[in-house]
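A.B. asks: Have a look at this one before I ask anything.
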Amino acid sequence: MEKIASFTVNHLDLLPGVYVSRKDHVGQETLTTFDLRMCAPNREPVMNTAEMHTIEHLGATYLRNHPDWKDRVIYFGPMGCRTGFYLILAGDYDSAAIVELVRDTFAFISGFEGEIPGAAPKDCGNYLDQNLPMAKYLADKYLNEALKHPSEKNLIYPV
């Protein structure tokens with residue numbers, strides 16, 4: 001079997017950032033998958049499931065309610081390696097085109113107060129696995145370390 005594209009990325013040099021993971025074509029539509037990398041792989045601790053679950057609930061809620069982007073959001077969810085999230089958008093985009101959207105999403109998470117949307121037994125299959133304080137901390141860290149002034153090294157995969 002051939003190696004899938006995400007396993008060909010040089011994770012040894014990958015930094016937190018926003019990367020185009022792949023582009024797929026479905027009929028006339030292009031779907032762009034973004035790698036929202038929050039941790040330096042194999043060099044920083046990975047996120048625990050509780051804070052990832054909270055980021056997923058808050059990020060998906062924010063994105064699916066965003067007035068300009070909600071109709072283009074296909075998916076927002078965690079990477080299995082627990083170093084970031086995937087965001088799939090309908091449309092052909094590069095990383096720079098969505099930095100503001102990602103900043104706004106993680107600013108929302110960083111500043112969130114109150115009940116986590118969908119964190120109830122009737123709404124979620126593992127509603128108790130949440131950690132809002134750590135989700136806010138990680139969102140703020142991502143904002144300040146990778147999204148404040150992103151350069152090419154935070155927007156284009158290393159070779």
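Going by the structure tokens order, chains are called A, B, ..., each with residues numbered from 1, while ligands are numbered from 1 in the order shown.
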Tell me, as a ChimeraX atom specification, which residues lie within 10 Å of A:Glu29, counting only C-alpha atoms; anything in the same chain fewer than 5 positions away does not count.
C.D. replies: /A:24,90-92
A.B. asks: With C-alpha atoms retained, could you export that selection as a PDB file, in the first residue's frame?
C.D. replies:
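Just written: part11.pdb:
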ATOM      1  CA  ASP A  24      -9.850  16.836  -2.940  1.00  0.00           C
ATOM      2  CA  ALA A  90     -15.618  23.660   0.700  1.00  0.00           C
ATOM      3  CA  GLY A  91     -13.490  25.742  -1.657  1.00  0.00           C
ATOM      4  CA  ASP A  92      -9.925  26.033  -2.906  1.00  0.00           C
TER       5      ASP A  92
END
A.B. asks: Write out as a JSON list (two decimals) with N, CA, C and O atoms, in the first residue's frame the residues lying within 7 Å of stretch 3-18 of chain A, counting only C-alpha atoms and excluding same-chain residues fewer than 4 positions away.
C.D. replies:
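Below is the file out07.json, written as the result:
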[["chain", "number", "residue", "atom", "x", "y", "z"],
["A", 34, "PHE", "N", -7.37, 21.40, 6.09],
["A", 34, "PHE", "CA", -6.32, 22.12, 6.79],
["A", 34, "PHE", "C", -5.88, 21.34, 8.02],
["A", 34, "PHE", "O", -6.68, 20.76, 8.73],
["A", 35, "ASP", "N", -4.60, 21.39, 8.25],
["A", 35, "ASP", "CA", -3.95, 20.83, 9.43],
["A", 35, "ASP", "C", -3.74, 22.01, 10.37],
["A", 35, "ASP", "O", -2.93, 22.89, 10.10],
["A", 36, "LEU", "N", -4.53, 22.07, 11.44],
["A", 36, "LEU", "CA", -4.38, 23.11, 12.45],
["A", 36, "LEU", "C", -3.51, 22.50, 13.55],
["A", 36, "LEU", "O", -4.01, 21.88, 14.49],
["A", 37, "ARG", "N", -2.22, 22.64, 13.39],
["A", 37, "ARG", "CA", -1.25, 21.96, 14.26],
["A", 37, "ARG", "C", -1.00, 22.83, 15.49],
["A", 37, "ARG", "O", -0.48, 23.93, 15.39],
["A", 38, "MET", "N", -1.36, 22.32, 16.65],
["A", 38, "MET", "CA", -1.24, 23.08, 17.89],
["A", 38, "MET", "C", 0.01, 22.72, 18.69],
["A", 38, "MET", "O", 0.45, 23.53, 19.51],
["A", 39, "CYS", "N", 0.55, 21.53, 18.50],
["A", 39, "CYS", "CA", 1.73, 21.07, 19.24],
["A", 39, "CYS", "C", 2.81, 20.69, 18.25],
["A", 39, "CYS", "O", 2.51, 20.14, 17.19],
["A", 40, "ALA", "N", 4.06, 20.93, 18.59],
["A", 40, "ALA", "CA", 5.17, 20.47, 17.76],
["A", 40, "ALA", "C", 5.26, 18.94, 17.93],
["A", 40, "ALA", "O", 5.54, 18.46, 19.03],
["A", 41, "PRO", "N", 5.00, 18.19, 16.87],
["A", 41, "PRO", "CA", 4.96, 16.73, 16.99],
["A", 41, "PRO", "C", 6.28, 16.14, 17.50],
["A", 41, "PRO", "O", 7.36, 16.56, 17.09],
["A", 95, "SER", "N", -3.32, 28.43, 3.06],
["A", 95, "SER", "CA", -3.32, 28.64, 4.51],
["A", 95, "SER", "C", -3.55, 30.09, 4.90],
["A", 95, "SER", "O", -4.31, 30.38, 5.83],
["A", 146, "ALA", "N", 1.60, 30.57, 17.40],
["A", 146, "ALA", "CA", 1.55, 30.19, 15.98],
["A", 146, "ALA", "C", 0.75, 31.14, 15.11],
["A", 146, "ALA", "O", 1.02, 31.25, 13.92],
["A", 147, "LEU", "N", -0.22, 31.82, 15.69],
["A", 147, "LEU", "CA", -1.15, 32.59, 14.86],
["A", 147, "LEU", "C", -0.99, 34.11, 14.96],
["A", 147, "LEU", "O", -1.54, 34.83, 14.14],
["A", 154, "ASN", "N", 5.02, 28.53, 9.54],
["A", 154, "ASN", "CA", 3.77, 28.16, 10.19],
["A", 154, "ASN", "C", 2.63, 27.95, 9.20],
["A", 154, "ASN", "O", 1.51, 27.63, 9.61],
["A", 155, "LEU", "N", 2.92, 28.13, 7.90],
["A", 155, "LEU", "CA", 1.86, 28.05, 6.90],
["A", 155, "LEU", "C", 2.14, 27.06, 5.77],
["A", 155, "LEU", "O", 1.23, 26.71, 5.02],
["A", 157, "TYR", "N", 4.08, 23.35, 4.84],
["A", 157, "TYR", "CA", 4.71, 22.15, 5.39],
["A", 157, "TYR", "C", 6.21, 22.13, 5.11],
["A", 157, "TYR", "O", 6.65, 22.46, 3.99],
["A", 158, "PRO", "N", 7.01, 21.71, 6.09],
["A", 158, "PRO", "CA", 8.46, 21.55, 5.83],
["A", 158, "PRO", "C", 8.70, 20.37, 4.91],
["A", 158, "PRO", "O", 7.92, 19.42, 4.88],
["A", 159, "VAL", "N", 9.78, 20.42, 4.17],
["A", 159, "VAL", "CA", 10.11, 19.32, 3.26],
["A", 159, "VAL", "C", 11.12, 18.38, 3.90],
["A", 159, "VAL", "O", 11.75, 18.67, 4.85]]
A.B. asks: From the DSSP assignment of the backbone, select every residue of stretch 3-159 of chain A that is alpha helix (DSSP H), and format the answer as a ChimeraX atom specification.
C.D. replies: /A:49-65,99-111,132-142
A.B. asks: For the selection you just gave me, I'd like the residues written to a file as a PDB file, in the first residue's frame, keeping C-alpha atoms.
C.D. replies:
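Output file again16.pdb follows:
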ATOM      1  CA  THR A  49      -8.684  13.967  25.254  1.00  0.00           C
ATOM      2  CA  ALA A  50     -10.742  16.133  27.621  1.00  0.00           C
ATOM      3  CA  GLU A  51      -9.345  19.450  26.385  1.00  0.00           C
ATOM      4  CA  MET A  52      -9.387  18.255  22.784  1.00  0.00           C
ATOM      5  CA  HIS A  53     -13.030  17.303  23.193  1.00  0.00           C
ATOM      6  CA  THR A  54     -13.821  20.764  24.553  1.00  0.00           C
ATOM      7  CA  ILE A  55     -11.927  22.463  21.711  1.00  0.00           C
ATOM      8  CA  GLU A  56     -13.860  20.282  19.269  1.00  0.00           C
ATOM      9  CA  HIS A  57     -17.247  21.251  20.760  1.00  0.00           C
ATOM     10  CA  LEU A  58     -16.413  24.959  20.911  1.00  0.00           C
ATOM     11  CA  GLY A  59     -14.597  25.118  17.570  1.00  0.00           C
ATOM     12  CA  ALA A  60     -17.314  23.243  15.686  1.00  0.00           C
ATOM     13  CA  THR A  61     -20.027  25.391  17.268  1.00  0.00           C
ATOM     14  CA  TYR A  62     -18.209  28.614  16.413  1.00  0.00           C
ATOM     15  CA  LEU A  63     -17.364  27.590  12.846  1.00  0.00           C
ATOM     16  CA  ARG A  64     -20.832  26.251  12.040  1.00  0.00           C
ATOM     17  CA  ASN A  65     -22.352  29.524  13.235  1.00  0.00           C
ATOM     18  CA  VAL A  99      -5.568  32.499   9.269  1.00  0.00           C
ATOM     19  CA  GLU A 100      -8.065  35.148  10.362  1.00  0.00           C
ATOM     20  CA  LEU A 101     -10.846  32.537  10.639  1.00  0.00           C
ATOM     21  CA  VAL A 102      -8.591  30.261  12.696  1.00  0.00           C
ATOM     22  CA  ARG A 103      -7.538  33.197  14.908  1.00  0.00           C
ATOM     23  CA  ASP A 104     -11.172  34.140  15.491  1.00  0.00           C
ATOM     24  CA  THR A 105     -12.106  30.529  16.264  1.00  0.00           C
ATOM     25  CA  PHE A 106      -9.343  30.067  18.813  1.00  0.00           C
ATOM     26  CA  ALA A 107      -9.953  33.526  20.327  1.00  0.00           C
ATOM     27  CA  PHE A 108     -13.555  32.416  20.853  1.00  0.00           C
ATOM     28  CA  ILE A 109     -12.326  29.242  22.560  1.00  0.00           C
ATOM     29  CA  SER A 110      -9.729  31.113  24.616  1.00  0.00           C
ATOM     30  CA  GLY A 111     -12.311  33.554  25.956  1.00  0.00           C
ATOM     31  CA  LEU A 132     -12.579  23.984  29.629  1.00  0.00           C
ATOM     32  CA  PRO A 133      -9.695  25.595  31.569  1.00  0.00           C
ATOM     33  CA  MET A 134      -7.078  23.546  29.699  1.00  0.00           C
ATOM     34  CA  ALA A 135      -8.853  24.077  26.348  1.00  0.00           C
ATOM     35  CA  LYS A 136      -8.725  27.846  26.954  1.00  0.00           C
ATOM     36  CA  TYR A 137      -5.048  27.666  27.908  1.00  0.00           C
ATOM     37  CA  LEU A 138      -4.149  25.666  24.775  1.00  0.00           C
ATOM     38  CA  ALA A 139      -6.204  27.937  22.521  1.00  0.00           C
ATOM     39  CA  ASP A 140      -4.417  30.980  23.937  1.00  0.00           C
ATOM     40  CA  LYS A 141      -1.020  29.296  23.516  1.00  0.00           C
ATOM     41  CA  TYR A 142      -1.817  28.462  19.869  1.00  0.00           C
TER      42      TYR A 142
END
A.B. asks: As an exercise, work out the distance from atom CA of A:Asn131 to atom CA of A:Arg72 in Å and give it to one decimal place.
C.D. replies: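 About the pair atom CA of A:Asn131 and atom CA of A:Arg72: they are 28.0 Å apart.
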A.B. asks: Name the residues of chain A that fall into strand (DSSP E or B) according to DSSP on the backbone, using the chain letters and numbers of this document, as a PyMOL selection string.
C.D. replies: chain A and resi 17-26+29-37+73-78+84-90
A.B. asks: Find the residues around A:Gly80 up to 12 Å (only C-alpha atoms counted), leave out those fewer than 2 positions away in its own chain, and share them as a CSV table (one decimal) with all heavy atoms, in the first residue's frame.
C.D. replies:
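For reference, result12.csv as written:
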chain,number,residue,atom,x,y,z
A,6,SER,N,-0.6,12.4,4.5
A,6,SER,CA,-0.3,13.0,5.8
A,6,SER,C,0.9,12.3,6.5
A,6,SER,O,1.5,12.9,7.4
A,6,SER,CB,-1.5,13.0,6.8
A,6,SER,OG,-1.9,11.7,7.0
A,46,VAL,N,1.5,15.9,23.9
A,46,VAL,CA,0.2,16.0,23.1
A,46,VAL,C,-0.9,16.4,24.1
A,46,VAL,O,-0.7,16.4,25.3
A,46,VAL,CB,-0.1,14.6,22.5
A,46,VAL,CG1,1.0,14.2,21.5
A,46,VAL,CG2,-0.4,13.5,23.5
A,47,MET,N,-2.0,16.8,23.5
A,47,MET,CA,-3.2,17.2,24.3
A,47,MET,C,-3.9,16.0,24.8
A,47,MET,O,-3.9,15.0,24.2
A,47,MET,CB,-4.1,18.1,23.4
A,47,MET,CG,-3.5,19.4,22.9
A,47,MET,SD,-4.6,20.3,21.8
A,47,MET,CE,-4.2,19.5,20.2
A,48,ASN,N,-4.5,16.2,26.0
A,48,ASN,CA,-5.3,15.1,26.5
A,48,ASN,C,-6.7,15.2,25.9
A,48,ASN,O,-7.1,16.2,25.3
A,48,ASN,CB,-5.4,15.3,28.0
A,48,ASN,CG,-4.1,15.0,28.7
A,48,ASN,OD1,-3.5,14.0,28.5
A,48,ASN,ND2,-3.7,16.0,29.6
A,49,THR,N,-7.4,14.1,26.0
A,49,THR,CA,-8.7,14.0,25.3
A,49,THR,C,-9.7,15.0,25.8
A,49,THR,O,-10.5,15.5,25.0
A,49,THR,CB,-9.3,12.5,25.3
A,49,THR,OG1,-9.5,12.2,26.7
A,49,THR,CG2,-8.3,11.5,24.6
A,52,MET,N,-9.1,18.4,24.2
A,52,MET,CA,-9.4,18.3,22.8
A,52,MET,C,-10.9,18.2,22.5
A,52,MET,O,-11.4,18.8,21.6
A,52,MET,CB,-8.7,17.0,22.2
A,52,MET,CG,-7.2,17.2,22.1
A,52,MET,SD,-6.5,16.0,21.0
A,52,MET,CE,-6.8,16.8,19.4
A,77,GLY,N,-12.5,18.6,13.5
A,77,GLY,CA,-12.3,17.5,14.5
A,77,GLY,C,-10.8,17.2,14.8
A,77,GLY,O,-9.9,17.7,14.1
A,78,PRO,N,-10.6,16.4,15.8
A,78,PRO,CA,-9.2,16.1,16.3
A,78,PRO,C,-8.4,15.2,15.4
A,78,PRO,O,-9.0,14.3,14.7
A,78,PRO,CB,-9.5,15.5,17.6
A,78,PRO,CG,-10.8,14.9,17.5
A,78,PRO,CD,-11.6,15.7,16.6
A,82,ARG,N,-3.3,13.6,18.4
A,82,ARG,CA,-3.6,14.6,19.5
A,82,ARG,C,-2.7,15.8,19.5
A,82,ARG,O,-2.4,16.4,20.5
A,82,ARG,CB,-3.7,13.9,20.9
A,82,ARG,CG,-4.7,12.8,20.9
A,82,ARG,CD,-4.8,12.3,22.3
A,82,ARG,NE,-3.5,12.0,22.9
A,82,ARG,CZ,-3.3,11.4,24.0
A,82,ARG,NH1,-4.3,11.0,24.7
A,82,ARG,NH2,-2.1,11.2,24.5
A,83,THR,N,-2.2,16.1,18.3
A,83,THR,CA,-1.3,17.3,18.2
A,83,THR,C,-2.1,18.5,17.5
A,83,THR,O,-1.5,19.6,17.3
A,83,THR,CB,0.0,17.0,17.5
A,83,THR,OG1,-0.3,16.6,16.1
A,83,THR,CG2,0.8,16.0,18.2
A,84,GLY,N,-3.3,18.3,17.1
A,84,GLY,CA,-4.0,19.3,16.4
A,84,GLY,C,-5.4,18.9,15.9
A,84,GLY,O,-5.9,17.8,16.4
A,85,PHE,N,-5.9,19.7,15.0
A,85,PHE,CA,-7.3,19.4,14.5
A,85,PHE,C,-7.2,19.5,12.9
A,85,PHE,O,-6.4,20.2,12.4
A,85,PHE,CB,-8.2,20.5,15.0
A,85,PHE,CG,-8.5,20.3,16.5
A,85,PHE,CD1,-7.6,20.8,17.4
A,85,PHE,CD2,-9.6,19.6,16.9
A,85,PHE,CE1,-7.8,20.6,18.8
A,85,PHE,CE2,-9.9,19.4,18.3
A,85,PHE,CZ,-9.0,19.9,19.2
A,86,TYR,N,-8.2,18.9,12.3
A,86,TYR,CA,-8.4,19.0,10.9
A,86,TYR,C,-9.7,19.9,10.7
A,86,TYR,O,-10.7,19.8,11.4
A,86,TYR,CB,-8.7,17.7,10.2
A,86,TYR,CG,-7.4,16.9,10.0
A,86,TYR,CD1,-7.3,15.7,10.7
A,86,TYR,CD2,-6.4,17.3,9.2
A,86,TYR,CE1,-6.1,14.9,10.6
A,86,TYR,CE2,-5.2,16.6,9.1
A,86,TYR,CZ,-5.1,15.4,9.7
A,86,TYR,OH,-4.0,14.6,9.6
